[in-house]
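Beneath this line is the structure, given in structure tokens, with notes to follow.
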Amino acid sequence: MIISTRYLIVMTSERKIRALMNRLARLDNASSWSGDLNPVQRSALEYLRDANRFSRSPSHVAEFLGTTRGTMSQTLKALLRKGFVEEVRSEIDKRSISYALTRVGSAVLDEEGIIALALTKLNDQDAVELESGLHLALRQALKLNGGKSFGQCNTCRYHDTTTGAPYCQLLSLRLSTDDGGKICVEHKEAAIV
């Protein structure tokens with residue numbers, strides 16, 4: 001069997017990138033142990049901070065973090081007991097619960113981890129290239145896995161600003177200015193023109 005040199009270089013490069021990503025993730029998780037929080041709880045808080053009001057149910061958090069609904073339900077209950085989140089009942093369906101950060105939950109996220117601090121040391125060009133490459137890799141992984149994009153509302157094909165105010169065509173709802181920069185579970189990549 002003959003294997004091309006290009007194939008070996010690409011495979012070696014992919015392995016190195018994956019190893020680096022995994023090492024960074026482990027370092028980030030290790031630095032996420034903080035007081036009364038474990039890394040999964042911190043990740044859930046970060047997601048809730050960054051998600052729009054339509055995307056904060058236990059199933060949405062679970063899907064974004066790649067875990068089971070049961071595990072995420074227990075994580076959110078622990079965060080509720082610790083005072084980091086509060087339950088928000090739907091006005092339409094009282095059985096439907098989502099979660100929002102409390103002031104204490106928001107404050108705990110102000111502490112930067114080691115990876116966040118390391119990223120501030122990158123020059124602008126390296127940071128842009130890294131972010132672009134990671135976005136591309138994530139999109140490909142989600143496509144291969146059948147996952148949702150969970151992108152920012154203002155990058156979605158359903159996001160409309162033609163009337164001046166942000167509007168979601170999918171949900172037929174007016175959006176707050178804050179919603180535009182938040183993660184949405186209904187996100188669909190906008191068509192590239």
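Following the order of the structure tokens, chains are lettered A, B, ..., residues in each are numbered from 1, and ligands are numbered from 1.
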Please identify all polymer residues within 12 Å of Ser149 (chain A), counting only C-alpha atoms, omitting same-chain residues fewer than 6 positions from it, and present them as a PyMOL selection string.
-> chain A and resi 60+63-65+135-143+155-156+183-190
Write a file of the selected residues as a PDB file, in the first residue's frame, keeping C-alpha atoms.
```
ATOM      1  CA  HIS A  60     -30.581  23.344  25.007  1.00  0.00           C
ATOM      2  CA  GLU A  63     -27.133  19.799  23.479  1.00  0.00           C
ATOM      3  CA  PHE A  64     -24.693  22.702  23.334  1.00  0.00           C
ATOM      4  CA  LEU A  65     -22.323  21.079  25.841  1.00  0.00           C
ATOM      5  CA  HIS A 135     -15.002  28.110  13.782  1.00  0.00           C
ATOM      6  CA  LEU A 136     -14.397  26.197  10.570  1.00  0.00           C
ATOM      7  CA  ALA A 137     -13.361  23.044  12.458  1.00  0.00           C
ATOM      8  CA  LEU A 138     -16.423  23.321  14.717  1.00  0.00           C
ATOM      9  CA  ARG A 139     -18.774  23.750  11.739  1.00  0.00           C
ATOM     10  CA  GLN A 140     -17.282  20.671  10.092  1.00  0.00           C
ATOM     11  CA  ALA A 141     -17.517  18.596  13.284  1.00  0.00           C
ATOM     12  CA  LEU A 142     -21.148  19.624  13.795  1.00  0.00           C
ATOM     13  CA  LYS A 143     -21.946  18.815  10.170  1.00  0.00           C
ATOM     14  CA  THR A 155     -25.436  35.725  11.976  1.00  0.00           C
ATOM     15  CA  CYS A 156     -28.570  33.623  11.375  1.00  0.00           C
ATOM     16  CA  ILE A 183     -26.301  32.253  21.106  1.00  0.00           C
ATOM     17  CA  CYS A 184     -29.534  30.837  19.693  1.00  0.00           C
ATOM     18  CA  VAL A 185     -30.600  27.192  19.584  1.00  0.00           C
ATOM     19  CA  GLU A 186     -32.600  27.852  16.388  1.00  0.00           C
ATOM     20  CA  HIS A 187     -29.585  29.325  14.557  1.00  0.00           C
ATOM     21  CA  LYS A 188     -29.136  28.425  10.911  1.00  0.00           C
ATOM     22  CA  GLU A 189     -26.072  29.627   9.059  1.00  0.00           C
ATOM     23  CA  ALA A 190     -26.896  32.528   6.758  1.00  0.00           C
TER      24      ALA A 190
END
```
Contacts of Lys182 (chain A) at 12 Å or less, counting only C-alpha atoms, minus same-chain residues fewer than 5 places along, as a list in words?
-> Glu46, Tyr47, Leu48, Arg49, Asp50, Ala51, Asn52, Arg53, Phe54, Ser55, Arg56, Phe150, Gly151, Gln152, Cys153, Asn154, Thr155, Cys156, His159, Leu175, Ser176, Thr177 and His187 of chain A
Pick out each residue of region 156-186 of chain A that DSSP on the backbone tags as helix (DSSP H, G or I); I need them as a PyMOL selection string.
-> chain A and resi 178-181
Atom-to-atom span, CA of Val88 (chain A) and CA of Gly164 (chain A), Å |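 Answer for the CA of Val88 (chain A) to CA of Gly164 (chain A) separation: 29.2 Å.
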All strand (DSSP E or B) positions in region 34-97 of chain A, as a ChimeraX atom specification = /A:34,37,51,85-89,97
Rank nothing, just name the residue among A:Gly180, A:Thr162, A:Leu130, A:Ala116 nearest to Ile17 (chain A), using only C-alpha atoms.
->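 Ranking A:Gly180, A:Thr162, A:Leu130, A:Ala116 by distance to Ile17 (chain A), first place goes to A:Leu130.
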